[in-house]
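Pasting my_file_34.tsv here (TSV, C-alpha atoms and all ligand atoms):
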```
chain	number	residue	atom	x	y	z
A	26	MET	CA	-76.18	60.61	-60.44
A	27	THR	CA	-73.21	61.93	-58.45
A	28	VAL	CA	-72.32	61.56	-54.78
A	29	ALA	CA	-73.16	65.25	-54.25
A	30	GLN	CA	-76.61	64.70	-55.76
A	31	ILE	CA	-77.49	61.77	-53.48
A	32	ILE	CA	-76.23	63.72	-50.45
A	33	GLN	CA	-78.89	66.29	-51.29
A	34	ALA	CA	-81.66	63.97	-52.37
A	35	MET	CA	-81.28	61.58	-49.41
A	36	GLU	CA	-80.31	64.22	-46.83
A	37	LEU	CA	-77.04	62.49	-46.00
A	38	GLU	CA	-74.42	63.88	-43.68
A	39	LEU	CA	-70.95	64.18	-45.27
A	40	LEU	CA	-68.42	63.09	-42.64
A	41	THR	CA	-65.37	63.65	-44.85
A	42	PRO	CA	-65.59	67.26	-46.06
A	43	GLN	CA	-62.24	67.06	-47.88
A	44	THR	CA	-63.26	64.28	-50.26
A	45	ASP	CA	-64.39	64.62	-53.86
A	46	VAL	CA	-68.18	64.27	-54.15
A	47	SER	CA	-68.41	64.92	-57.87
A	48	ARG	CA	-67.99	61.24	-58.76
A	49	GLU	CA	-70.68	59.35	-60.63
A	50	ILE	CA	-72.33	56.46	-58.73
A	51	THR	CA	-72.53	53.42	-60.99
A	52	GLY	CA	-74.25	50.91	-58.72
A	53	GLY	CA	-75.01	49.95	-55.16
A	54	CYS	CA	-74.18	47.32	-52.62
A	55	VAL	CA	-75.76	46.62	-49.21
A	56	CYS	CA	-73.80	44.25	-47.00
A	57	ASP	CA	-71.99	44.09	-43.67
A	58	LEU	CA	-69.82	41.06	-44.45
A	59	LEU	CA	-66.50	42.32	-45.77
A	60	SER	CA	-65.50	39.29	-47.82
A	61	VAL	CA	-68.90	39.26	-49.54
A	62	VAL	CA	-68.42	42.91	-50.48
A	63	MET	CA	-64.90	42.00	-51.60
A	64	ALA	CA	-66.36	39.32	-53.90
A	65	GLU	CA	-69.22	41.36	-55.32
A	66	GLY	CA	-67.91	44.93	-55.36
A	67	GLU	CA	-67.30	46.87	-58.57
A	68	GLY	CA	-65.68	50.26	-59.13
A	69	GLY	CA	-67.99	53.25	-58.67
A	70	MET	CA	-70.47	51.55	-56.33
A	71	ALA	CA	-72.07	53.23	-53.31
A	72	TRP	CA	-71.77	50.85	-50.33
A	73	ILE	CA	-74.40	50.92	-47.59
A	74	THR	CA	-73.23	49.32	-44.32
A	75	VAL	CA	-73.44	49.50	-40.51
A	76	GLN	CA	-69.71	48.74	-40.22
A	77	THR	CA	-67.58	51.75	-39.36
A	78	HIS	CA	-64.06	50.49	-38.64
A	79	LEU	CA	-60.88	51.05	-40.65
A	80	ASN	CA	-61.28	47.97	-42.79
A	81	VAL	CA	-64.37	49.42	-44.44
A	82	ILE	CA	-62.17	52.06	-46.03
A	83	ALA	CA	-59.62	49.45	-47.08
A	84	VAL	CA	-62.34	47.48	-48.90
A	85	ALA	CA	-63.92	50.62	-50.41
A	86	SER	CA	-60.54	51.83	-51.61
A	87	LEU	CA	-59.44	48.49	-53.10
A	88	HIS	CA	-62.67	48.47	-55.10
A	89	ASP	CA	-62.55	52.17	-55.89
A	90	PHE	CA	-66.10	52.70	-54.58
A	91	SER	CA	-67.65	56.13	-55.13
A	92	CYS	CA	-68.75	56.41	-51.46
A	93	VAL	CA	-69.62	54.58	-48.24
A	94	ILE	CA	-73.04	55.26	-46.66
A	95	VAL	CA	-73.21	54.45	-42.95
A	96	SER	CA	-76.76	53.52	-41.97
A	97	GLY	CA	-78.54	53.65	-38.62
A	98	GLY	CA	-76.71	56.82	-37.60
A	99	ALA	CA	-73.78	54.79	-36.27
A	100	ALA	CA	-70.82	56.63	-34.76
A	101	VAL	CA	-67.78	56.50	-37.03
A	102	GLU	CA	-64.29	56.21	-35.55
A	103	GLU	CA	-61.99	59.20	-36.05
A	104	GLU	CA	-59.26	57.00	-37.57
A	105	THR	CA	-61.75	55.65	-40.13
A	106	LEU	CA	-62.57	59.18	-41.25
A	107	ALA	CA	-58.89	60.15	-41.36
A	108	LYS	CA	-58.15	57.14	-43.55
A	109	ALA	CA	-61.16	57.91	-45.77
A	110	GLN	CA	-59.89	61.48	-46.33
A	111	GLU	CA	-56.46	60.11	-47.13
A	112	GLU	CA	-57.85	57.58	-49.62
A	113	GLY	CA	-60.38	60.04	-51.03
A	114	ILE	CA	-63.45	57.95	-50.19
A	115	PRO	CA	-66.48	60.07	-49.18
A	116	VAL	CA	-68.18	58.73	-46.03
A	117	LEU	CA	-71.85	59.68	-45.72
A	118	ARG	CA	-74.23	58.97	-42.86
A	119	SER	CA	-77.97	58.67	-42.35
A	120	PRO	CA	-80.18	57.79	-39.38
A	121	HIS	CA	-82.22	55.49	-41.66
A	122	SER	CA	-81.85	51.72	-41.94
A	123	SER	CA	-79.86	50.03	-44.72
A	124	TYR	CA	-83.17	48.75	-46.12
A	125	LYS	CA	-84.62	52.23	-46.44
A	126	LEU	CA	-81.42	53.72	-47.87
A	127	ALA	CA	-81.15	51.01	-50.52
A	128	GLY	CA	-84.76	51.69	-51.49
A	129	GLN	CA	-84.03	55.41	-51.80
A	130	LEU	CA	-80.94	54.84	-53.93
A	131	TYR	CA	-82.83	52.48	-56.18
A	132	GLY	CA	-85.66	55.00	-56.44
A	133	LEU	CA	-83.15	57.61	-57.58
A	134	GLY	CA	-82.32	55.43	-60.55
A	135	ILE	CA	-79.21	53.66	-59.26
A	136	ALA	CA	-79.96	50.04	-60.11
B	3	MET	CA	-33.31	39.41	-61.42
B	4	SER	CA	-34.20	35.74	-61.84
B	5	ASN	CA	-35.68	32.98	-59.67
B	6	GLU	CA	-34.28	29.52	-58.82
B	7	HIS	CA	-35.41	28.17	-62.19
B	8	GLY	CA	-33.54	30.90	-64.03
B	9	GLU	CA	-36.78	32.66	-64.98
B	10	GLN	CA	-36.65	36.39	-65.36
B	11	VAL	CA	-38.28	38.28	-62.48
B	12	THR	CA	-39.54	41.77	-63.28
B	13	PHE	CA	-40.20	42.80	-59.70
B	14	GLN	CA	-40.68	41.42	-56.23
B	15	GLU	CA	-41.89	42.71	-52.91
B	16	THR	CA	-42.17	40.92	-49.54
B	17	ARG	CA	-44.29	42.18	-46.67
B	18	GLN	CA	-44.84	41.07	-43.09
B	19	VAL	CA	-48.24	40.61	-41.41
B	20	GLU	CA	-48.44	40.49	-37.61
B	21	GLN	CA	-51.03	38.47	-35.74
B	22	GLY	CA	-54.02	40.60	-34.70
B	23	ASP	CA	-53.16	43.39	-37.13
B	24	PHE	CA	-56.56	43.23	-38.79
B	25	ALA	CA	-57.51	46.85	-38.08
B	26	THR	CA	-54.87	48.02	-40.52
B	27	ALA	CA	-55.07	44.98	-42.79
B	28	GLY	CA	-55.60	45.92	-46.39
B	29	GLN	CA	-52.42	48.00	-46.47
B	30	ILE	CA	-50.40	45.31	-48.17
B	31	ALA	CA	-53.15	44.62	-50.71
B	32	ALA	CA	-53.27	48.37	-51.40
B	33	SER	CA	-49.51	48.55	-51.81
B	34	PHE	CA	-49.48	45.54	-54.19
B	35	LYS	CA	-52.28	47.19	-56.15
B	36	ASN	CA	-50.22	50.37	-56.49
B	37	THR	CA	-47.16	48.47	-57.59
B	38	LEU	CA	-49.13	46.61	-60.28
B	39	LYS	CA	-50.72	49.84	-61.48
B	40	LYS	CA	-47.31	51.49	-61.82
B	41	LEU	CA	-46.07	48.52	-63.83
B	42	GLY	CA	-49.02	48.92	-66.19
B	43	VAL	CA	-50.77	45.61	-65.43
B	44	ALA	CA	-54.33	45.47	-66.86
B	45	SER	CA	-56.96	46.54	-64.34
B	46	PRO	CA	-59.12	43.35	-64.34
B	47	VAL	CA	-56.00	41.39	-63.33
B	48	ILE	CA	-55.08	44.00	-60.71
B	49	ARG	CA	-58.58	43.68	-59.29
B	50	ARG	CA	-58.27	39.90	-58.90
B	51	ILE	CA	-54.82	40.17	-57.32
B	52	ALA	CA	-56.03	42.92	-54.95
B	53	ILE	CA	-58.99	40.80	-53.78
B	54	ALA	CA	-56.83	37.71	-53.24
B	55	SER	CA	-54.14	39.74	-51.44
B	56	TYR	CA	-56.72	41.36	-49.19
B	57	GLU	CA	-58.28	38.05	-48.18
B	58	ALA	CA	-54.86	36.47	-47.58
B	59	GLU	CA	-53.72	39.45	-45.52
B	60	ILE	CA	-56.85	39.35	-43.32
B	61	ASN	CA	-56.53	35.60	-42.82
B	62	LEU	CA	-52.92	35.97	-41.66
B	63	ALA	CA	-53.96	38.66	-39.18
B	64	ILE	CA	-56.98	36.77	-37.88
B	65	HIS	CA	-56.16	33.08	-38.10
B	66	SER	CA	-52.36	32.81	-38.02
B	67	TRP	CA	-49.62	33.91	-35.64
B	68	GLY	CA	-48.08	36.06	-38.34
B	69	GLY	CA	-46.57	35.56	-41.75
B	70	THR	CA	-45.33	36.98	-45.02
B	71	MET	CA	-46.84	37.91	-48.33
B	72	ARG	CA	-44.65	37.99	-51.38
B	73	LEU	CA	-45.56	39.42	-54.77
B	74	ILE	CA	-43.39	38.19	-57.63
B	75	ILE	CA	-43.91	39.54	-61.10
B	76	TYR	CA	-42.72	37.50	-64.08
B	77	PRO	CA	-43.06	38.59	-67.69
B	78	ASP	CA	-46.06	36.26	-68.18
B	79	ARG	CA	-47.65	36.00	-64.72
B	80	VAL	CA	-47.87	37.33	-61.20
B	81	ARG	CA	-47.28	35.00	-58.28
B	82	LEU	CA	-48.56	35.64	-54.78
B	83	LEU	CA	-46.93	33.57	-52.02
B	84	VAL	CA	-48.53	33.61	-48.58
B	85	ASP	CA	-46.73	31.83	-45.75
B	86	ASP	CA	-47.60	31.81	-42.10
B	87	VAL	CA	-46.63	30.31	-38.80
B	88	GLY	CA	-49.77	29.24	-37.04
B	89	PRO	CA	-52.27	26.56	-36.07
B	90	GLY	CA	-52.57	25.27	-39.64
B	91	ILE	CA	-55.83	24.06	-41.19
B	92	GLU	CA	-57.16	20.66	-40.18
B	93	ASN	CA	-59.52	20.11	-43.09
B	94	ILE	CA	-58.60	22.10	-46.18
B	95	ASP	CA	-61.66	20.98	-48.18
B	96	LEU	CA	-63.88	22.33	-45.43
B	97	ALA	CA	-61.91	25.59	-45.18
B	98	MET	CA	-62.33	26.08	-48.95
B	99	GLN	CA	-66.13	25.82	-48.70
B	100	GLU	CA	-68.17	29.00	-48.90
B	101	GLY	CA	-69.60	29.83	-45.50
B	102	TYR	CA	-67.17	27.76	-43.40
B	103	SER	CA	-65.51	29.89	-40.74
B	104	THR	CA	-64.00	29.47	-37.29
B	105	ALA	CA	-63.74	33.26	-36.78
B	106	SER	CA	-64.42	34.49	-33.23
B	107	GLU	CA	-67.54	36.39	-32.25
B	108	GLU	CA	-65.35	39.46	-31.74
B	109	VAL	CA	-64.14	39.61	-35.35
B	110	ARG	CA	-67.56	38.57	-36.70
B	111	MET	CA	-68.95	41.74	-35.15
B	112	LEU	CA	-66.54	43.63	-37.40
B	113	GLY	CA	-67.87	41.91	-40.51
B	114	PHE	CA	-65.24	39.18	-40.86
B	115	GLY	CA	-66.08	35.50	-40.74
B	116	ALA	CA	-68.44	35.06	-43.69
B	117	GLY	CA	-66.28	32.12	-44.71
B	118	MET	CA	-65.75	33.64	-48.14
B	119	GLY	CA	-62.07	34.58	-48.04
B	120	MET	CA	-60.58	31.33	-49.26
B	121	PRO	CA	-63.23	30.77	-51.98
B	122	ASN	CA	-62.61	34.37	-53.10
B	123	MET	CA	-58.87	33.71	-53.41
B	124	LYS	CA	-59.39	30.51	-55.37
B	125	ARG	CA	-61.90	32.12	-57.72
B	126	CYS	CA	-59.60	35.09	-58.41
B	127	ALA	CA	-56.44	33.09	-59.12
B	128	ASP	CA	-55.66	31.19	-62.33
B	129	ALA	CA	-53.79	28.59	-60.25
B	130	PHE	CA	-54.21	28.02	-56.51
B	131	LYS	CA	-52.20	25.70	-54.25
B	132	ILE	CA	-52.47	25.35	-50.50
B	133	GLU	CA	-50.49	23.29	-48.02
B	134	SER	CA	-50.96	23.24	-44.30
B	135	VAL	CA	-49.35	21.45	-41.38
B	136	LEU	CA	-51.21	21.37	-38.07
B	137	GLY	CA	-49.42	23.31	-35.37
B	138	LYS	CA	-46.87	24.66	-37.89
B	139	GLY	CA	-48.53	26.82	-40.48
B	140	THR	CA	-50.08	27.30	-43.88
B	141	SER	CA	-48.67	28.18	-47.30
B	142	ILE	CA	-50.68	29.36	-50.25
B	143	SER	CA	-49.38	29.96	-53.76
B	144	MET	CA	-51.49	31.76	-56.34
B	145	ASP	CA	-50.72	32.55	-59.96
B	146	PHE	CA	-52.38	35.19	-62.09
B	147	ASN	CA	-51.73	35.08	-65.83
B	148	LEU	CA	-50.79	38.32	-67.55
C	201	LIG	N1	-53.81	31.14	-42.41
C	201	LIG	C1	-54.70	30.37	-41.76
C	201	LIG	N2	-54.31	29.65	-40.66
C	201	LIG	C2	-55.19	28.87	-40.00
C	201	LIG	N3	-56.48	28.72	-40.36
C	201	LIG	C3	-56.92	29.38	-41.45
C	201	LIG	C4	-56.06	30.24	-42.20
C	201	LIG	N4	-56.76	30.76	-43.24
C	201	LIG	C5	-58.00	30.26	-43.11
C	201	LIG	N5	-58.11	29.43	-42.07
C	201	LIG	C6	-59.31	28.65	-41.66
C	201	LIG	O1	-60.16	28.53	-42.78
C	201	LIG	C7	-61.44	29.13	-42.49
C	201	LIG	C8	-62.02	29.73	-43.74
C	201	LIG	O2	-61.25	30.85	-44.17
C	201	LIG	P1	-61.97	32.00	-45.00
C	201	LIG	O3	-60.99	33.06	-45.28
C	201	LIG	O4	-62.66	31.39	-46.16
C	201	LIG	O5	-63.11	32.52	-44.00
C	201	LIG	P2	-62.98	33.47	-42.73
C	201	LIG	O6	-61.64	34.09	-42.70
C	201	LIG	O7	-63.37	32.69	-41.54
C	201	LIG	O8	-64.09	34.55	-43.04
C	201	LIG	P3	-64.03	35.73	-44.15
C	201	LIG	O9	-62.79	35.51	-44.95
C	201	LIG	O10	-65.25	35.56	-44.97
C	201	LIG	O11	-64.01	37.00	-43.38
C	201	LIG	C9	-61.16	30.09	-41.37
C	201	LIG	O12	-62.31	30.38	-40.58
C	201	LIG	C10	-60.10	29.34	-40.56
C	201	LIG	O13	-60.68	28.33	-39.76
C	202	MG	MG	-60.86	35.04	-44.39
```

Can you turn what I pasted into structure tokens?
Amino acid sequence: MTVAQIIQAMELELLTPQTDVSREITGGCVCDLLSVVMAEGEGGMAWITVQTHLNVIAVASLHDFSCVIVSGGAAVEEETLAKAQEEGIPVLRSPHSSYKLAGQLYGLGIA
Amino acid sequence: MSNEHGEQVTFQETRQVEQGDFATAGQIAASFKNTLKKLGVASPVIRRIAIASYEAEINLAIHSWGGTMRLIIYPDRVRLLVDDVGPGIENIDLAMQEGYSTASEEVRMLGFGAGMGMPNMKRCADAFKIESVLGKGTSISMDFNL
């Protein structure tokens, strides 16, 4: 399943229109503690978090994540989005909770 | 190039981290990652060095008063030297434990302070050494075999 496909299936808002959404999602991760994500992340993962500051993109980029999904409809800083465009990390947003989004992703076959 | 023991050095890069720079932290880790990629280092090793560099960089920005990170590439290993001027660490065994953190409420709100940075570094490196002097600073040396 690609990033573009989950955007459609989960009705996500794409906050970084210039990024490549054709990438395959190979797994998921739900966590708001950066060093835990650092320890457990793997390339290709979709990362669900409520964090929205610049460091999220640094972590996502170091791990080569396929996308970041911001839960709870949180506002995302302009500089975070600029950095995400620069690094080519799609940032998606949903009003739903991390719990619900993880359930949806899992239901779509991303285990 | 060679070091003080006459060993051949393939490449080295030194970068500065300022205290409080955590918003942009990750830049040095990203730059080290790029360097290693260009030199053709295997990606599982790059991943471990990137994680350790990131955690070291964040710790310098959050816990120290500033410091340097140096990447030295030898034919058989990569060395990461992290030196700071700062408060030092009173109990290193405690600091190395998963979950131990003295991070402020302010940075915890940003997702730092899980107390996983130092254990992450140690787990990623093939050799890990740390020395700290209270009121002076902390030095960490990590080796990654190629
Ligand atoms: N360079 C440093 N100077 C002074 N104290 C440090 C330094 N690095 C780490 N420490 C101390 O060791 C503790 C543990 O560090 P560690 O990186 O494991 O966790 P953290 O930085 O608090 O949280 P996390 O890395 O999970 O975001 C810190 O909370 C701090 O008290
Ligand atoms: Mg840390």

Spatial neighbours of B:Ile51, 8 Å, all atoms listed in the file, chain gap at least 2 places, as a ChimeraX atom specification: /B:35,47-49,53-55,126-127,146

Sel. within 6 Å of pt (-79.1, 55.4, -36.8), counting all atoms listed in the file, output as a ChimeraX atom specification: /A:96-99,120-121

Spatial neighbours of A:Tyr131, 12 Å, all atoms listed in the file, chain gap at least 3 places, as a PyMOL selection string: chain A and resi 26+31+35+50-55+71+124-128+134-136

Mind dumping a table of every chain A residue within 12 Å of chain B, with the nearest atom pair and its distance in Å to one decimal, using only C-alpha atoms, sorted by chain and rising number, as CSV?
```
residue,atom,partner,partner_atom,distance
A:Cys56,CA,B:Gly113,CA,9.1
A:Asp57,CA,B:Gly113,CA,5.6
A:Leu58,CA,B:Gly113,CA,4.5
A:Leu59,CA,B:Gly113,CA,5.5
A:Ser60,CA,B:Met118,CA,5.7
A:Val61,CA,B:Met118,CA,6.6
A:Val62,CA,B:Met118,CA,9.9
A:Met63,CA,B:Ile53,CA,6.4
A:Ala64,CA,B:Asn122,CA,6.3
A:Glu65,CA,B:Asn122,CA,9.9
A:Gly66,CA,B:Ile53,CA,10.0
A:Glu67,CA,B:Arg49,CA,9.3
A:Gly68,CA,B:Arg49,CA,9.7
A:Thr74,CA,B:Gly113,CA,9.9
A:Val75,CA,B:Gly113,CA,9.4
A:Gln76,CA,B:Leu112,CA,6.6
A:Thr77,CA,B:Leu112,CA,8.4
A:His78,CA,B:Leu112,CA,7.4
A:Leu79,CA,B:Ala25,CA,6.0
A:Asn80,CA,B:Ala25,CA,6.1
A:Val81,CA,B:Gly113,CA,9.2
A:Ile82,CA,B:Gly28,CA,9.0
A:Ala83,CA,B:Gly28,CA,5.4
A:Val84,CA,B:Gly28,CA,7.4
A:Ala85,CA,B:Gly28,CA,10.4
A:Ser86,CA,B:Ala32,CA,8.1
A:Leu87,CA,B:Ala32,CA,6.4
A:His88,CA,B:Arg49,CA,7.6
A:Asp89,CA,B:Arg49,CA,10.0
A:Glu102,CA,B:Ala25,CA,11.8
A:Glu104,CA,B:Ala25,CA,10.3
A:Thr105,CA,B:Ala25,CA,10.0
A:Lys108,CA,B:Thr26,CA,10.2
A:Glu112,CA,B:Ala32,CA,10.4
```

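The shortest atom-to-atom distance to B:Lys138, with all atoms listed in the file taken into account, belongs to B:Asp86 out of B:Glu59, B:Glu9, B:Asp78, B:Asp86.
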
Coordinates-based distance that separates atom CA of B:Val135 from atom CA of B:Arg79 (Å, one decimal): 27.6 Å

Please report, as AutoDock Vina command-line options, the centre and edge lengths in Å to one decimal of an axis-aligned box covering all listed atoms of stretch 108-122 of chain B with 8 Å per side.
```
--center_x -64.8 --center_y 37.2 --center_z -42.4 --size_x 24.4 --size_y 28.9 --size_z 37.4
```

Atom CA of B:Asn147 to atom CA of B:Thr12, straight-line distance in Å: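 It comes out at 14.1 Å.
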
Pairwise distance for atom CA of B:Leu82 and atom CA of B:Lys131, rounded to one decimal in Å: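 Interatomic distance here is 10.6 Å.
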
From B:Ser134, B:Ser66, B:Ser141, B:Ser45, residue lying nearest ligand MG 202 (chain C) [all atoms listed in the file]: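 Checking each of B:Ser134, B:Ser66, B:Ser141, B:Ser45 against ligand MG 202 (chain C), counting all atoms listed in the file, the winner is B:Ser66.
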
Residue among B:Ile132, B:Leu38, B:Leu148, B:Val43 lying closest to B:Asp95, counting all atoms listed in the file: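 Nearest candidate to B:Asp95 out of B:Ile132, B:Leu38, B:Leu148, B:Val43: B:Ile132.
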
Selected residue, from B:Asn93, B:Ser143, B:Thr104, B:Ser4, that lies nearest to ligand MG 202 (chain C) when counting all atoms listed in the file: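 The shortest atom-to-atom distance to ligand MG 202 (chain C) comes from B:Thr104.
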
7 Å contact set for stretch 13-23 of chain B, all atoms listed in the file, chain neighbours under 5 positions out, as number ranges by chain: B: 59, 62-64, 66-75

Close residues, stretch 38-47 of chain A itself excluded, 9 Å, only C-alpha atoms, min 6 positions apart in chain, as a ChimeraX atom specification: /A:27-30,32,91-92,101,106-107,109-119

Output stretch 60-71 of chain A as a PDB file, in the coordinates of the input, making sure N, CA, C and O atoms are there.
```pdb
ATOM      1  N   SER A  60     -65.981  40.121 -46.709  1.00  0.00           N
ATOM      2  CA  SER A  60     -65.500  39.290 -47.820  1.00  0.00           C
ATOM      3  C   SER A  60     -66.577  39.081 -48.876  1.00  0.00           C
ATOM      4  O   SER A  60     -66.266  38.728 -50.013  1.00  0.00           O
ATOM      5  N   VAL A  61     -67.834  39.300 -48.525  1.00  0.00           N
ATOM      6  CA  VAL A  61     -68.900  39.260 -49.540  1.00  0.00           C
ATOM      7  C   VAL A  61     -68.828  40.534 -50.383  1.00  0.00           C
ATOM      8  O   VAL A  61     -68.925  40.482 -51.618  1.00  0.00           O
ATOM      9  N   VAL A  62     -68.590  41.651 -49.747  1.00  0.00           N
ATOM     10  CA  VAL A  62     -68.420  42.910 -50.480  1.00  0.00           C
ATOM     11  C   VAL A  62     -67.177  42.817 -51.372  1.00  0.00           C
ATOM     12  O   VAL A  62     -67.174  43.256 -52.521  1.00  0.00           O
ATOM     13  N   MET A  63     -66.137  42.187 -50.834  1.00  0.00           N
ATOM     14  CA  MET A  63     -64.900  42.000 -51.600  1.00  0.00           C
ATOM     15  C   MET A  63     -65.202  41.208 -52.874  1.00  0.00           C
ATOM     16  O   MET A  63     -64.705  41.531 -53.950  1.00  0.00           O
ATOM     17  N   ALA A  64     -66.053  40.177 -52.740  1.00  0.00           N
ATOM     18  CA  ALA A  64     -66.360  39.320 -53.900  1.00  0.00           C
ATOM     19  C   ALA A  64     -67.257  40.023 -54.911  1.00  0.00           C
ATOM     20  O   ALA A  64     -67.109  39.829 -56.105  1.00  0.00           O
ATOM     21  N   GLU A  65     -68.184  40.837 -54.432  1.00  0.00           N
ATOM     22  CA  GLU A  65     -69.220  41.360 -55.320  1.00  0.00           C
ATOM     23  C   GLU A  65     -69.035  42.816 -55.737  1.00  0.00           C
ATOM     24  O   GLU A  65     -69.742  43.305 -56.617  1.00  0.00           O
ATOM     25  N   GLY A  66     -68.090  43.501 -55.082  1.00  0.00           N
ATOM     26  CA  GLY A  66     -67.910  44.930 -55.360  1.00  0.00           C
ATOM     27  C   GLY A  66     -67.402  45.214 -56.767  1.00  0.00           C
ATOM     28  O   GLY A  66     -66.702  44.397 -57.360  1.00  0.00           O
ATOM     29  N   GLU A  67     -67.780  46.389 -57.269  1.00  0.00           N
ATOM     30  CA  GLU A  67     -67.300  46.870 -58.570  1.00  0.00           C
ATOM     31  C   GLU A  67     -66.971  48.354 -58.410  1.00  0.00           C
ATOM     32  O   GLU A  67     -67.615  49.038 -57.598  1.00  0.00           O
ATOM     33  N   GLY A  68     -66.041  48.848 -59.196  1.00  0.00           N
ATOM     34  CA  GLY A  68     -65.680  50.260 -59.130  1.00  0.00           C
ATOM     35  C   GLY A  68     -66.893  51.173 -59.283  1.00  0.00           C
ATOM     36  O   GLY A  68     -67.795  50.863 -60.060  1.00  0.00           O
ATOM     37  N   GLY A  69     -66.927  52.262 -58.525  1.00  0.00           N
ATOM     38  CA  GLY A  69     -67.990  53.250 -58.670  1.00  0.00           C
ATOM     39  C   GLY A  69     -69.221  53.019 -57.810  1.00  0.00           C
ATOM     40  O   GLY A  69     -70.117  53.857 -57.737  1.00  0.00           O
ATOM     41  N   MET A  70     -69.289  51.852 -57.145  1.00  0.00           N
ATOM     42  CA  MET A  70     -70.470  51.550 -56.330  1.00  0.00           C
ATOM     43  C   MET A  70     -70.566  52.431 -55.081  1.00  0.00           C
ATOM     44  O   MET A  70     -69.553  52.841 -54.516  1.00  0.00           O
ATOM     45  N   ALA A  71     -71.812  52.649 -54.627  1.00  0.00           N
ATOM     46  CA  ALA A  71     -72.070  53.230 -53.310  1.00  0.00           C
ATOM     47  C   ALA A  71     -72.341  52.038 -52.386  1.00  0.00           C
ATOM     48  O   ALA A  71     -73.136  51.167 -52.719  1.00  0.00           O
TER      49      ALA A  71
END
```
